[in-house]
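Undergrad: Just one file: data.cif, with mmCIF, C-alpha atoms.
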data_run
#
loop_
_atom_site.label_atom_id
_atom_site.label_comp_id
_atom_site.auth_asym_id
_atom_site.auth_seq_id
_atom_site.Cartn_x
_atom_site.Cartn_y
_atom_site.Cartn_z
CA MET A 1 125.53 -9.76 -132.17
CA PRO A 2 124.75 -7.22 -129.42
CA ASP A 3 121.43 -7.42 -127.54
CA LEU A 4 118.75 -5.27 -129.10
CA PRO A 5 117.37 -2.67 -126.66
CA GLU A 6 113.95 -3.00 -125.08
CA LEU A 7 111.51 -0.27 -126.03
CA ASP A 8 109.51 1.32 -123.21
CA PRO A 9 105.91 0.10 -123.77
CA VAL A 10 104.44 3.23 -122.15
CA ILE A 11 106.07 5.51 -124.71
CA HIS A 12 105.72 3.10 -127.60
CA GLY A 13 102.09 4.05 -128.37
CA ARG A 14 102.19 6.53 -131.25
CA LEU A 15 99.97 9.14 -129.60
CA ARG A 16 101.79 8.85 -126.26
CA LEU A 17 105.10 9.28 -128.08
CA ALA A 18 103.75 12.38 -129.88
CA LEU A 19 102.50 13.81 -126.57
CA LEU A 20 105.80 13.32 -124.76
CA SER A 21 107.70 14.82 -127.72
CA LEU A 22 105.36 17.84 -127.83
CA LEU A 23 105.69 18.40 -124.09
CA SER A 24 109.48 18.14 -124.26
CA GLY A 25 109.58 21.38 -126.30
CA VAL A 26 107.43 23.47 -123.93
CA GLU A 27 107.21 24.22 -120.20
CA ASP A 28 103.60 23.11 -120.04
CA ALA A 29 100.61 22.92 -122.35
CA GLU A 30 96.85 22.91 -122.13
CA PHE A 31 94.71 19.90 -123.06
CA ALA A 32 93.10 21.76 -126.00
CA TRP A 33 96.49 22.63 -127.51
CA LEU A 34 97.64 19.00 -127.28
CA ARG A 35 94.37 17.91 -128.89
CA ALA A 36 94.84 20.42 -131.74
CA LYS A 37 98.43 19.33 -132.36
CA THR A 38 97.70 15.60 -132.33
CA SER A 39 94.20 15.66 -133.87
CA ALA A 40 93.17 13.07 -131.28
CA THR A 41 89.67 12.74 -129.86
CA ASP A 42 89.02 13.98 -126.32
CA GLY A 43 88.48 10.44 -125.01
CA ASN A 44 91.58 8.93 -126.59
CA LEU A 45 93.76 11.89 -125.62
CA GLY A 46 92.51 11.79 -122.03
CA ALA A 47 93.13 8.04 -121.79
CA GLN A 48 96.69 8.27 -123.17
CA LEU A 49 97.55 11.22 -120.94
CA LEU A 50 96.25 9.27 -117.95
CA LYS A 51 98.59 6.39 -118.82
CA LEU A 52 101.52 8.79 -119.04
CA GLU A 53 100.48 10.36 -115.74
CA GLU A 54 100.23 6.96 -114.04
CA ALA A 55 103.73 6.13 -115.28
CA GLY A 56 104.97 9.39 -113.75
CA TYR A 57 106.00 10.77 -117.15
CA VAL A 58 103.69 13.77 -117.10
CA ALA A 59 102.31 15.90 -114.29
CA VAL A 60 98.89 17.47 -114.45
CA ALA A 61 97.64 20.72 -112.95
CA LYS A 62 93.95 21.61 -112.95
CA MET A 63 92.99 25.24 -112.52
CA PHE A 64 90.38 27.83 -113.34
CA VAL A 65 91.33 30.60 -115.75
CA ARG A 66 88.68 33.30 -116.16
CA ARG A 67 86.18 30.92 -114.51
CA LYS A 68 86.84 28.22 -117.09
CA PRO A 69 88.44 24.90 -116.08
CA GLN A 70 91.87 24.36 -117.58
CA THR A 71 94.05 21.27 -117.44
CA ARG A 72 97.76 21.81 -118.08
CA TYR A 73 100.30 19.06 -118.58
CA ARG A 74 104.07 19.14 -118.22
CA LEU A 75 106.80 16.61 -118.79
CA THR A 76 108.39 15.36 -115.56
CA ASP A 77 112.13 14.67 -115.18
CA ARG A 78 111.26 10.97 -115.27
CA GLY A 79 109.33 11.45 -118.51
CA ARG A 80 112.19 13.42 -120.07
CA GLN A 81 114.64 10.66 -119.15
CA ALA A 82 112.27 7.99 -120.49
CA LEU A 83 111.93 9.85 -123.80
CA ARG A 84 115.71 10.23 -123.99
CA ASN A 85 116.16 6.49 -123.37
CA TYR A 86 113.51 5.67 -125.99
CA VAL A 87 115.24 7.81 -128.64
CA ARG A 88 118.57 6.21 -127.73
CA ALA A 89 117.01 2.75 -128.11
CA LEU A 90 115.51 3.64 -131.50
CA LYS A 91 118.87 4.94 -132.72
CA GLN A 92 120.53 1.75 -131.48
CA LEU A 93 117.97 -0.32 -133.40
CA LEU A 94 118.60 1.74 -136.50
CA GLY A 95 122.37 1.35 -136.06
CA SER A 96 122.04 -2.42 -135.76
CA ALA A 97 119.94 -2.48 -138.94
CA ILE A 98 122.59 -0.53 -140.84
CA ASP A 99 125.38 -2.80 -139.49
CA SER A 100 123.57 -6.02 -140.41
CA MET B 1 115.33 -5.38 -137.82
CA THR B 2 113.37 -6.81 -134.87
CA ASP B 3 110.20 -8.83 -134.88
CA ARG B 4 108.41 -5.79 -133.49
CA LEU B 5 109.63 -2.88 -135.53
CA SER B 6 110.81 -2.48 -139.11
CA GLU B 7 113.54 -0.04 -140.08
CA ARG B 8 110.92 2.15 -141.76
CA GLU B 9 108.88 2.25 -138.55
CA VAL B 10 111.93 3.23 -136.50
CA ARG B 11 112.71 6.08 -138.90
CA ASP B 12 109.04 7.07 -138.87
CA ARG B 13 109.03 7.24 -135.08
CA LEU B 14 112.21 9.29 -134.95
CA ARG B 15 110.67 11.69 -137.50
CA LEU B 16 107.50 11.94 -135.41
CA ILE B 17 109.55 12.82 -132.31
CA GLU B 18 111.52 15.46 -134.22
CA ASP B 19 108.38 16.98 -135.79
CA MET B 20 106.53 17.17 -132.48
CA ILE B 21 109.48 18.74 -130.64
CA THR B 22 109.76 21.35 -133.42
CA GLU B 23 106.01 21.94 -133.24
CA GLY B 24 106.20 22.59 -129.49
CA ARG B 25 109.14 24.95 -129.79
CA ARG B 26 107.41 26.86 -132.59
CA ALA B 27 104.53 27.56 -130.25
CA THR B 28 105.42 31.14 -129.36
CA GLU B 29 102.54 33.46 -128.75
CA HIS B 30 101.42 35.93 -131.37
CA TRP B 31 102.06 39.54 -130.46
CA GLY B 32 101.48 41.47 -133.71
CA TRP B 33 98.33 43.03 -132.22
CA ALA B 34 100.29 44.35 -129.22
CA PHE B 35 102.73 46.23 -131.47
CA VAL B 36 99.82 47.88 -133.29
CA LEU B 37 98.04 48.68 -130.02
CA TRP B 38 101.15 50.30 -128.50
CA GLY B 39 101.93 52.18 -131.73
CA ALA B 40 98.41 53.63 -131.61
CA ALA B 41 98.85 54.41 -127.89
CA TYR B 42 102.07 56.36 -128.58
CA TYR B 43 100.30 58.38 -131.29
CA ILE B 44 97.37 59.14 -128.96
CA ALA B 45 99.68 60.17 -126.11
CA LEU B 46 101.79 62.35 -128.42
CA ALA B 47 98.73 64.05 -129.90
CA TRP B 48 97.14 64.53 -126.46
CA SER B 49 100.31 65.93 -124.88
CA THR B 50 101.04 68.21 -127.85
CA VAL B 51 97.54 69.52 -128.60
CA GLY B 52 96.02 69.22 -125.13
CA GLN B 53 99.24 70.23 -123.32
CA SER B 54 98.33 67.78 -120.57
CA ALA B 55 100.89 66.28 -118.19
CA TRP B 56 98.55 63.30 -117.75
CA ALA B 57 98.58 62.33 -121.44
CA TRP B 58 101.44 59.81 -121.22
CA PRO B 59 100.72 58.19 -117.81
CA VAL B 60 96.99 57.78 -118.56
CA THR B 61 97.56 56.41 -122.08
CA ILE B 62 100.31 54.03 -120.94
CA ILE B 63 98.20 52.70 -118.04
CA ALA B 64 95.20 52.23 -120.36
CA ALA B 65 97.32 50.43 -122.99
CA SER B 66 98.88 48.23 -120.26
CA LEU B 67 95.42 47.24 -118.98
CA VAL B 68 94.19 46.39 -122.49
CA THR B 69 97.39 44.39 -123.18
CA ALA B 70 97.04 42.46 -119.90
CA ALA B 71 93.35 41.71 -120.57
CA VAL B 72 93.93 40.46 -124.12
CA ALA B 73 97.08 38.54 -123.13
CA SER B 74 95.29 36.73 -120.28
CA ARG B 75 92.48 35.81 -122.67
CA LYS B 76 95.00 34.38 -125.15
CA ALA B 77 97.22 32.74 -122.50
CA GLY B 78 95.15 29.59 -122.21
CA GLU B 79 95.37 28.87 -125.93
CA HIS B 80 99.15 28.58 -126.03
CA PRO B 81 101.65 26.40 -124.23
CA ARG B 82 104.16 28.12 -122.00
CA THR B 83 107.68 28.06 -123.38
CA THR B 84 110.98 29.24 -121.94
CA VAL B 85 111.55 31.51 -124.96
CA GLY B 86 108.03 32.94 -124.61
CA ARG B 87 108.63 33.67 -120.92
CA ALA B 88 112.02 35.27 -121.68
CA ILE B 89 110.52 37.55 -124.34
CA GLY B 90 107.54 38.42 -122.14
CA SER B 91 109.94 39.35 -119.33
CA ILE B 92 111.88 41.71 -121.62
CA TRP B 93 108.72 43.61 -122.59
CA VAL B 94 107.29 43.75 -119.06
CA ALA B 95 110.65 45.07 -117.80
CA LEU B 96 110.69 47.62 -120.65
CA GLY B 97 107.20 48.82 -119.71
CA MET B 98 108.12 49.19 -116.05
CA SER B 99 111.40 51.00 -116.84
CA MET B 100 109.75 53.49 -119.19
CA PHE B 101 106.83 54.10 -116.84
CA VAL B 102 108.96 54.66 -113.72
CA LEU B 103 111.60 56.75 -115.53
CA PHE B 104 109.30 59.05 -117.47
CA LEU B 105 106.81 59.44 -114.62
CA ALA B 106 109.64 60.45 -112.24
CA LEU B 107 111.20 62.77 -114.83
CA GLY B 108 107.79 64.34 -115.53
CA LEU B 109 106.91 64.82 -111.84
CA SER B 110 110.32 66.27 -111.02
CA GLY B 111 110.01 68.73 -113.89
CA ARG B 112 113.23 67.53 -115.49
CA LEU B 113 111.59 66.20 -118.64
CA THR B 114 111.91 69.53 -120.39
CA ASP B 115 113.89 68.50 -123.47
CA PRO B 116 111.78 66.57 -126.03
CA HIS B 117 115.00 65.44 -127.75
CA LEU B 118 116.01 63.60 -124.58
CA PHE B 119 112.58 61.99 -124.13
CA ILE B 120 112.54 60.71 -127.73
CA ALA B 121 116.16 59.54 -127.61
CA VAL B 122 115.73 57.58 -124.34
CA ALA B 123 112.34 56.07 -125.33
CA SER B 124 113.70 55.05 -128.76
CA ALA B 125 116.88 53.53 -127.27
CA ILE B 126 114.86 51.47 -124.76
CA LEU B 127 112.50 50.26 -127.51
CA GLY B 128 115.55 49.41 -129.63
CA MET B 129 116.98 47.39 -126.76
CA ALA B 130 113.77 45.37 -126.28
CA ASN B 131 113.32 44.74 -130.01
CA GLY B 132 117.01 43.83 -130.36
CA ALA B 133 116.86 41.35 -127.46
CA SER B 134 113.64 39.76 -128.79
CA GLY B 135 115.06 39.58 -132.32
CA LEU B 136 118.22 37.87 -131.09
CA LEU B 137 116.25 35.39 -128.95
CA LEU B 138 113.92 34.50 -131.83
CA ARG B 139 116.71 34.78 -134.43
CA TRP B 140 114.28 37.04 -136.30
CA LYS B 141 116.08 39.41 -138.64
CA LEU B 142 113.00 41.56 -139.22
CA GLN B 143 112.73 42.39 -135.55
CA GLY B 144 116.46 43.08 -135.56
CA ALA B 145 115.79 45.57 -138.37
CA CYS B 146 113.07 47.16 -136.18
CA ALA B 147 115.63 47.52 -133.39
CA ALA B 148 117.97 49.24 -135.87
CA VAL B 149 115.16 51.68 -136.79
CA TRP B 150 114.73 52.57 -133.10
CA TRP B 151 118.47 52.99 -132.55
CA ILE B 152 118.75 55.24 -135.60
CA ALA B 153 115.78 57.25 -134.28
CA ALA B 154 117.48 57.50 -130.86
CA ALA B 155 120.64 58.90 -132.42
CA ALA B 156 118.87 61.13 -134.98
CA SER B 157 116.56 62.67 -132.39
CA CYS B 158 119.56 64.15 -130.57
CA PHE B 159 120.14 66.48 -133.52
CA GLY B 160 118.00 69.03 -135.37
CA THR B 161 114.98 70.95 -134.20
CA GLU B 162 112.23 69.69 -131.89
CA THR B 163 109.91 69.31 -134.89
CA GLN B 164 112.49 67.24 -136.74
CA SER B 165 112.94 65.02 -133.67
CA LEU B 166 109.20 64.56 -133.43
CA VAL B 167 108.97 63.62 -137.11
CA VAL B 168 111.75 61.04 -136.59
CA PHE B 169 109.85 59.61 -133.60
CA LEU B 170 106.54 59.47 -135.51
CA ALA B 171 108.27 57.69 -138.41
CA ALA B 172 109.96 55.20 -136.05
CA ILE B 173 106.62 54.45 -134.35
CA PHE B 174 105.04 53.84 -137.73
CA ILE B 175 107.81 51.50 -138.94
CA GLY B 176 108.70 49.80 -135.63
CA GLN B 177 105.18 49.43 -134.20
CA ILE B 178 102.39 49.81 -136.73
CA ALA B 179 103.96 48.36 -139.89
CA PHE B 180 105.86 45.64 -137.99
CA GLY B 181 102.75 44.73 -135.96
CA VAL B 182 100.53 44.53 -139.04
CA TYR B 183 103.15 42.38 -140.78
CA GLY B 184 103.29 40.15 -137.67
CA MET B 185 99.51 39.73 -137.65
CA ILE B 186 99.44 38.85 -141.36
CA ALA B 187 102.35 36.41 -140.97
CA ASP B 188 100.67 34.73 -137.94
CA ASN B 189 97.46 34.38 -139.87
CA GLN B 190 99.20 32.82 -142.87
CA ALA B 191 101.21 30.47 -140.63
CA ARG B 192 98.01 29.37 -138.88
CA LYS B 193 96.37 28.61 -142.25
CA ARG B 194 99.45 26.71 -143.45
CA HIS B 195 99.48 24.67 -140.25
CA ARG B 196 95.85 23.73 -140.56
CA ALA B 197 96.45 22.60 -144.14
CA HIS B 198 99.55 20.54 -143.31
CA ASP B 199 98.53 19.10 -139.92
CA ASP B 200 99.82 15.56 -139.69
CA PRO B 201 97.66 13.78 -137.15
CA ALA B 202 99.38 11.37 -134.76
CA HIS B 203 97.23 8.36 -134.01
CA ALA B 204 97.60 5.92 -131.16
#
Spit out the file's structure as C-alpha coordinates when you get a sec.

TA:
Amino acid sequence: MPDLPELDPVIHGRLRLALLSLLSGVEDAEFAWLRAKTSATDGNLGAQLLKLEEAGYVAVAKMFVRRKPQTRYRLTDRGRQALRNYVRALKQLLGSAIDS
Amino acid sequence: MTDRLSEREVRDRLRLIEDMITEGRRATEHWGWAFVLWGAAYYIALAWSTVGQSAWAWPVTIIAASLVTAAVASRKAGEHPRTTVGRAIGSIWVALGMSMFVLFLALGLSGRLTDPHLFIAVASAILGMANGASGLLLRWKLQGACAAVWWIAAAASCFGTETQSLVVFLAAIFIGQIAFGVYGMIADNQARKRHRAHDDPAHA
(Lines of atoms letter the chains of each structure in order from A and count residues from 1; the text may use other names and numbers.)
(Lines give C-alpha, C1' and ligand atoms only; values in the text may rest on other atoms or scores of the structure.)
Protein backbone atom coordinates (compact mmCIF):
# COMPACT_ATOMS: atom_id res chain seq x y z
CA MET A 1 0.00 0.00 0.00
CA PRO A 2 1.47 3.39 -0.96
CA ASP A 3 2.37 5.90 1.78
CA LEU A 4 -0.44 8.30 2.55
CA PRO A 5 0.56 11.95 2.03
CA GLU A 6 1.22 14.29 4.92
CA LEU A 7 -1.17 17.22 5.13
CA ASP A 8 0.35 20.65 5.73
CA PRO A 9 -0.71 21.58 9.31
CA VAL A 10 -0.63 25.31 8.53
CA ILE A 11 -3.28 24.95 5.83
CA HIS A 12 -5.21 22.22 7.59
CA GLY A 13 -7.16 24.62 9.84
CA ARG A 14 -10.56 25.13 8.22
CA LEU A 15 -10.50 28.93 8.35
CA ARG A 16 -6.89 29.09 7.11
CA LEU A 17 -7.82 26.78 4.24
CA ALA A 18 -10.82 29.00 3.37
CA LEU A 19 -8.60 32.11 3.47
CA LEU A 20 -5.94 30.66 1.19
CA SER A 21 -8.61 29.43 -1.23
CA LEU A 22 -10.31 32.85 -1.28
CA LEU A 23 -7.01 34.63 -1.87
CA SER A 24 -6.09 32.24 -4.68
CA GLY A 25 -8.98 33.64 -6.77
CA VAL A 26 -8.06 37.33 -6.38
CA GLU A 27 -4.97 39.55 -6.66
CA ASP A 28 -5.40 40.85 -3.13
CA ALA A 29 -8.22 41.44 -0.68
CA GLU A 30 -9.00 43.63 2.28
CA PHE A 31 -9.43 42.30 5.83
CA ALA A 32 -13.13 43.31 5.92
CA TRP A 33 -13.90 41.39 2.72
CA LEU A 34 -12.20 38.25 4.07
CA ARG A 35 -14.17 38.64 7.30
CA ALA A 36 -17.45 38.98 5.37
CA LYS A 37 -16.72 35.92 3.23
CA THR A 38 -15.67 33.68 6.11
CA SER A 39 -18.01 35.05 8.82
CA ALA A 40 -15.07 34.86 11.23
CA THR A 41 -14.59 37.19 14.19
CA ASP A 42 -11.94 39.91 13.95
CA GLY A 43 -9.75 38.24 16.58
CA ASN A 44 -9.89 34.76 15.07
CA LEU A 45 -9.40 36.04 11.53
CA GLY A 46 -6.43 38.18 12.58
CA ALA A 47 -4.82 35.25 14.43
CA GLN A 48 -5.23 32.84 11.48
CA LEU A 49 -3.94 35.40 8.98
CA LEU A 50 -0.92 35.98 11.22
CA LYS A 51 -0.17 32.24 11.17
CA LEU A 52 -0.38 32.22 7.38
CA GLU A 53 1.83 35.30 7.24
CA GLU A 54 4.43 33.72 9.54
CA ALA A 55 4.48 30.65 7.31
CA GLY A 56 5.13 32.91 4.32
CA TYR A 57 1.87 31.90 2.65
CA VAL A 58 0.33 35.36 2.60
CA ALA A 59 1.83 38.83 2.37
CA VAL A 60 0.28 41.81 4.08
CA ALA A 61 0.25 45.46 3.05
CA LYS A 62 -0.99 48.17 5.39
CA MET A 63 -2.04 51.48 3.90
CA PHE A 64 -4.31 54.45 4.34
CA VAL A 65 -7.15 54.89 1.87
CA ARG A 66 -9.09 58.14 2.28
CA ARG A 67 -7.48 58.53 5.71
CA LYS A 68 -8.77 55.16 6.86
CA PRO A 69 -6.35 52.31 7.66
CA GLN A 70 -6.64 49.37 5.30
CA THR A 71 -4.94 46.00 5.51
CA ARG A 72 -4.73 44.03 2.27
CA TYR A 73 -3.63 40.42 1.97
CA ARG A 74 -2.34 38.52 -1.03
CA LEU A 75 -1.32 34.93 -1.61
CA THR A 76 2.44 34.50 -2.07
CA ASP A 77 3.98 32.06 -4.57
CA ARG A 78 4.88 29.87 -1.60
CA GLY A 79 1.28 29.95 -0.40
CA ARG A 80 -0.04 29.09 -3.86
CA GLN A 81 2.34 26.13 -4.07
CA ALA A 82 1.37 24.99 -0.56
CA LEU A 83 -2.33 25.13 -1.46
CA ARG A 84 -1.64 23.20 -4.66
CA ASN A 85 0.25 20.54 -2.69
CA TYR A 86 -2.55 20.35 -0.11
CA VAL A 87 -5.20 19.80 -2.81
CA ARG A 88 -2.98 17.16 -4.42
CA ALA A 89 -2.60 15.41 -1.06
CA LEU A 90 -6.37 15.48 -0.44
CA LYS A 91 -7.03 14.00 -3.89
CA GLN A 92 -4.43 11.31 -3.21
CA LEU A 93 -6.16 10.47 0.08
CA LEU A 94 -9.49 10.29 -1.71
CA GLY A 95 -7.98 8.08 -4.41
CA SER A 96 -6.56 5.69 -1.82
CA ALA A 97 -9.99 5.51 -0.15
CA ILE A 98 -11.65 4.61 -3.45
CA ASP A 99 -8.96 1.99 -4.22
CA SER A 100 -9.22 0.33 -0.81
CA MET B 1 -9.22 6.50 5.26
CA THR B 2 -6.60 7.81 7.70
CA ASP B 3 -6.77 8.14 11.44
CA ARG B 4 -6.96 11.91 10.96
CA LEU B 5 -9.45 12.44 8.20
CA SER B 6 -12.52 10.58 7.02
CA GLU B 7 -13.48 10.37 3.35
CA ARG B 8 -16.41 12.71 4.04
CA GLU B 9 -14.05 15.27 5.60
CA VAL B 10 -11.72 15.11 2.61
CA ARG B 11 -14.62 15.70 0.22
CA ASP B 12 -15.88 18.49 2.48
CA ARG B 13 -12.49 20.19 2.40
CA LEU B 14 -12.21 19.92 -1.38
CA ARG B 15 -15.70 21.44 -1.66
CA LEU B 16 -14.72 24.27 0.68
CA ILE B 17 -11.65 25.04 -1.46
CA GLU B 18 -13.74 25.02 -4.65
CA ASP B 19 -16.47 27.22 -3.13
CA MET B 20 -14.01 29.78 -1.79
CA ILE B 21 -12.08 30.00 -5.08
CA THR B 22 -15.38 30.55 -6.92
CA GLU B 23 -16.39 33.15 -4.34
CA GLY B 24 -13.14 35.08 -4.88
CA ARG B 25 -13.42 34.98 -8.65
CA ARG B 26 -17.03 36.15 -8.49
CA ALA B 27 -15.89 39.25 -6.65
CA THR B 28 -16.01 41.68 -9.57
CA GLU B 29 -16.97 45.20 -8.75
CA HIS B 30 -20.45 46.51 -9.41
CA TRP B 31 -20.63 49.10 -12.14
CA GLY B 32 -24.36 49.44 -12.90
CA TRP B 33 -24.33 52.95 -11.39
CA ALA B 34 -21.53 54.05 -13.73
CA PHE B 35 -23.55 53.08 -16.82
CA VAL B 36 -26.50 55.13 -15.57
CA LEU B 37 -24.25 58.06 -14.66
CA TRP B 38 -22.59 58.11 -18.10
CA GLY B 39 -25.93 57.67 -19.88
CA ALA B 40 -27.21 60.74 -18.02
CA ALA B 41 -23.97 62.59 -18.84
CA TYR B 42 -24.39 61.88 -22.58
CA TYR B 43 -27.97 63.19 -22.45
CA ILE B 44 -26.87 66.35 -20.61
CA ALA B 45 -24.01 66.98 -23.05
CA LEU B 46 -26.27 66.39 -26.07
CA ALA B 47 -28.97 68.71 -24.73
CA TRP B 48 -26.41 71.37 -23.77
CA SER B 49 -24.61 71.25 -27.11
CA THR B 50 -27.86 71.23 -29.11
CA VAL B 51 -29.88 73.82 -27.19
CA GLY B 52 -27.02 75.90 -25.79
CA GLN B 53 -24.87 75.58 -28.94
CA SER B 54 -21.80 75.49 -26.70
CA ALA B 55 -18.48 73.97 -27.76
CA TRP B 56 -17.73 73.33 -24.08
CA ALA B 57 -20.75 71.09 -23.51
CA TRP B 58 -18.99 67.78 -24.19
CA PRO B 59 -15.55 68.45 -22.62
CA VAL B 60 -17.07 69.94 -19.44
CA THR B 61 -19.68 67.17 -19.05
CA ILE B 62 -17.15 64.40 -19.72
CA ILE B 63 -14.63 65.85 -17.23
CA ALA B 64 -17.38 66.23 -14.59
CA ALA B 65 -18.62 62.66 -15.16
CA SER B 66 -15.02 61.35 -15.00
CA LEU B 67 -14.43 63.12 -11.67
CA VAL B 68 -17.67 61.74 -10.19
CA THR B 69 -16.81 58.23 -11.47
CA ALA B 70 -13.29 58.42 -9.99
CA ALA B 71 -14.62 59.67 -6.63
CA VAL B 72 -17.29 56.97 -6.32
CA ALA B 73 -14.94 54.25 -7.59
CA SER B 74 -12.23 55.15 -5.06
CA ARG B 75 -14.84 55.07 -2.29
CA LYS B 76 -15.96 51.60 -3.38
CA ALA B 77 -12.44 50.29 -4.10
CA GLY B 78 -11.69 49.33 -0.52
CA GLU B 79 -14.79 47.14 -0.27
CA HIS B 80 -13.80 44.76 -3.05
CA PRO B 81 -10.79 42.55 -3.66
CA ARG B 82 -8.67 43.30 -6.69
CA THR B 83 -8.99 40.69 -9.41
CA THR B 84 -7.20 40.29 -12.73
CA VAL B 85 -10.53 40.32 -14.59
CA GLY B 86 -11.60 43.47 -12.72
CA ARG B 87 -8.33 45.20 -13.63
CA ALA B 88 -8.66 44.11 -17.28
CA ILE B 89 -12.21 45.48 -17.53
CA GLY B 90 -11.27 48.69 -15.72
CA SER B 91 -8.39 49.18 -18.18
CA ILE B 92 -10.73 48.82 -21.16
CA TRP B 93 -13.06 51.55 -19.87
CA VAL B 94 -10.27 53.92 -18.82
CA ALA B 95 -8.68 53.50 -22.27
CA LEU B 96 -12.09 54.11 -23.89
CA GLY B 97 -12.54 57.32 -21.90
CA MET B 98 -9.09 58.59 -22.83
CA SER B 99 -9.54 57.71 -26.53
CA MET B 100 -12.91 59.43 -26.79
CA PHE B 101 -11.75 62.50 -24.87
CA VAL B 102 -8.54 63.00 -26.88
CA LEU B 103 -10.17 62.25 -30.25
CA PHE B 104 -13.28 64.38 -29.87
CA LEU B 105 -11.47 67.25 -28.16
CA ALA B 106 -8.90 67.37 -30.99
CA LEU B 107 -11.60 67.07 -33.67
CA GLY B 108 -13.63 69.81 -31.97
CA LEU B 109 -10.67 72.19 -31.56
CA SER B 110 -9.51 71.65 -35.14
CA GLY B 111 -12.99 72.39 -36.43
CA ARG B 112 -13.21 69.04 -38.21
CA LEU B 113 -16.08 67.71 -36.11
CA THR B 114 -18.66 69.17 -38.44
CA ASP B 115 -20.60 66.03 -39.36
CA PRO B 116 -22.85 64.78 -36.52
CA HIS B 117 -23.21 61.45 -38.35
CA LEU B 118 -19.47 60.89 -37.99
CA PHE B 119 -19.44 61.85 -34.30
CA ILE B 120 -22.30 59.46 -33.49
CA ALA B 121 -20.86 56.64 -35.60
CA VAL B 122 -17.37 56.85 -34.04
CA ALA B 123 -18.66 57.26 -30.44
CA SER B 124 -21.09 54.33 -30.89
CA ALA B 125 -18.41 52.09 -32.44
CA ILE B 126 -15.99 52.80 -29.57
CA LEU B 127 -18.71 52.11 -26.97
CA GLY B 128 -19.56 48.90 -28.85
CA MET B 129 -15.92 47.86 -28.71
CA ALA B 130 -15.67 48.42 -24.94
CA ASN B 131 -18.96 46.67 -24.21
CA GLY B 132 -18.03 43.80 -26.53
CA ALA B 133 -14.62 43.31 -24.87
CA SER B 134 -16.16 43.44 -21.36
CA GLY B 135 -18.93 41.04 -22.37
CA LEU B 136 -16.43 38.56 -23.79
CA LEU B 137 -14.20 38.78 -20.70
CA LEU B 138 -17.13 38.26 -18.33
CA ARG B 139 -18.86 35.81 -20.70
CA TRP B 140 -21.92 38.00 -20.20
CA LYS B 141 -24.36 37.71 -23.09
CA LEU B 142 -26.39 40.73 -22.01
CA GLN B 143 -23.39 43.02 -22.30
CA GLY B 144 -22.65 41.40 -25.66
CA ALA B 145 -26.19 42.38 -26.69
CA CYS B 146 -25.43 45.95 -25.53
CA ALA B 147 -22.34 45.94 -27.75
CA ALA B 148 -24.55 44.82 -30.66
CA VAL B 149 -26.91 47.76 -29.98
CA TRP B 150 -23.96 50.18 -30.17
CA TRP B 151 -22.61 48.60 -33.36
CA ILE B 152 -26.05 48.78 -34.99
CA ALA B 153 -26.28 52.44 -33.90
CA ALA B 154 -22.81 53.08 -35.38
CA ALA B 155 -23.86 51.65 -38.74
CA ALA B 156 -27.37 53.17 -38.73
CA SER B 157 -26.12 56.65 -37.87
CA CYS B 158 -24.17 56.78 -41.14
CA PHE B 159 -27.45 56.88 -43.05
CA GLY B 160 -30.52 59.14 -42.96
CA THR B 161 -30.88 62.70 -41.77
CA GLU B 162 -29.09 64.31 -38.82
CA THR B 163 -32.29 64.09 -36.78
CA GLN B 164 -32.63 60.39 -37.53
CA SER B 165 -28.99 59.83 -36.49
CA LEU B 166 -29.61 61.71 -33.27
CA VAL B 167 -32.71 59.63 -32.52
CA VAL B 168 -30.67 56.44 -33.10
CA PHE B 169 -27.97 57.74 -30.71
CA LEU B 170 -30.54 58.70 -28.04
CA ALA B 171 -32.14 55.25 -28.30
CA ALA B 172 -28.74 53.50 -28.08
CA ILE B 173 -27.83 55.56 -24.98
CA PHE B 174 -31.11 54.59 -23.37
CA ILE B 175 -30.73 50.87 -24.10
CA GLY B 176 -26.94 50.53 -23.74
CA GLN B 177 -26.42 52.84 -20.74
CA ILE B 178 -29.58 53.63 -18.79
CA ALA B 179 -31.57 50.39 -19.14
CA PHE B 180 -28.46 48.18 -18.94
CA GLY B 181 -27.13 50.13 -15.92
CA VAL B 182 -30.44 49.94 -14.07
CA TYR B 183 -30.64 46.21 -14.80
CA GLY B 184 -27.06 45.83 -13.51
CA MET B 185 -27.89 47.67 -10.29
CA ILE B 186 -31.00 45.53 -9.70
CA ALA B 187 -29.08 42.32 -10.47
CA ASP B 188 -26.22 43.33 -8.10
CA ASN B 189 -28.70 44.08 -5.37
CA GLN B 190 -30.46 40.73 -5.78
CA ALA B 191 -27.14 38.86 -5.89
CA ARG B 192 -26.02 40.60 -2.69
CA LYS B 193 -29.27 39.58 -0.94
CA ARG B 194 -28.94 35.99 -2.18
CA HIS B 195 -25.35 35.85 -0.93
CA ARG B 196 -26.28 37.09 2.50
CA ALA B 197 -29.01 34.45 2.71
CA HIS B 198 -26.77 31.58 1.56
CA ASP B 199 -23.50 32.55 3.27
CA ASP B 200 -21.79 29.39 4.45
CA PRO B 201 -19.46 30.39 7.26
CA ALA B 202 -16.07 28.71 7.41
CA HIS B 203 -14.97 28.08 10.96
CA ALA B 204 -11.48 27.32 12.19

Undergrad: Taking the file above as input, evaluate the PyMOL selection byres ((chain A and resi 78-87) around 7) and report the hits as a list of chain:residue names.

TA: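 Expected selection for the PyMOL selection byres ((chain A and resi 78-87) around 7) here is A:Leu7, A:Asp8, A:Ser24, A:Gly56, A:Tyr57, A:Val58, A:Leu75, A:Thr76, A:Asp77, A:Arg88, A:Ala89, A:Leu90, A:Lys91.
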
Undergrad: Could you spell out the hits of the PyMOL selection byres ((chain A) within 7 of (chain B)) on the shown file, as a ChimeraX atom specification?

TA: /A:13-15,18,21-30,33,38-40,90,94,97

Undergrad: Run the PyMOL selection byres ((chain B and resi 173) around 10) mentally over the shown coordinates, then write out the matched residues as a list in words, using the chain letters and numbers from the document.

TA: Phe35, Val36, Trp38, Gly39, Ala40, Tyr42, Tyr43, Ser124, Leu127, Cys146, Val149, Trp150, Ala153, Val167, Val168, Phe169, Leu170, Ala171, Ala172, Phe174, Ile175, Gly176, Gln177, Ile178, Ala179 and Phe180 of chain B

Undergrad: For CA of Ala65 in chain B and CA of Leu96 in chain B, quote the distance in Å rounded to one decimal.

TA: 13.9 Å

Undergrad: Find, counting only C-alpha atoms, the residue in B:Met185, B:Ile126, B:Ala71, B:Ala133 that gets nearest to Ser91 in chain B.

TA: B:Ala133

Undergrad: Between CA of Trp58 in chain B and CA of Met100 in chain B, what distance in Å does the model show, to one decimal?

TA: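 According to the coordinates, CA of Trp58 in chain B and CA of Met100 in chain B are separated by 10.6 Å.
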
Undergrad: Please, what distance in Å, to one decimal, runs between CA of Pro59 in chain B and CA of Cys158 in chain B?

TA: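 Separation of CA of Pro59 in chain B and CA of Cys158 in chain B: 23.5 Å.
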
Undergrad: Which neighbours of Gly46 in chain A fall inside 10 Å, counting only C-alpha atoms, when residues of the same chain fewer than 6 positions from it are skipped, and could you give them as a PyMOL selection string?

TA: chain A and resi 31+35+40+52

Undergrad: Hey, can you spit out that residue selection with C-alpha atoms as a JSON list (two decimals), in the coordinates of the input?

TA:
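And here's result11.json as it stands now:
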[["chain", "number", "residue", "atom", "x", "y", "z"],
["A", 31, "PHE", "CA", 94.71, 19.90, -123.06],
["A", 35, "ARG", "CA", 94.37, 17.91, -128.89],
["A", 40, "ALA", "CA", 93.17, 13.07, -131.28],
["A", 52, "LEU", "CA", 101.52, 8.79, -119.04]]
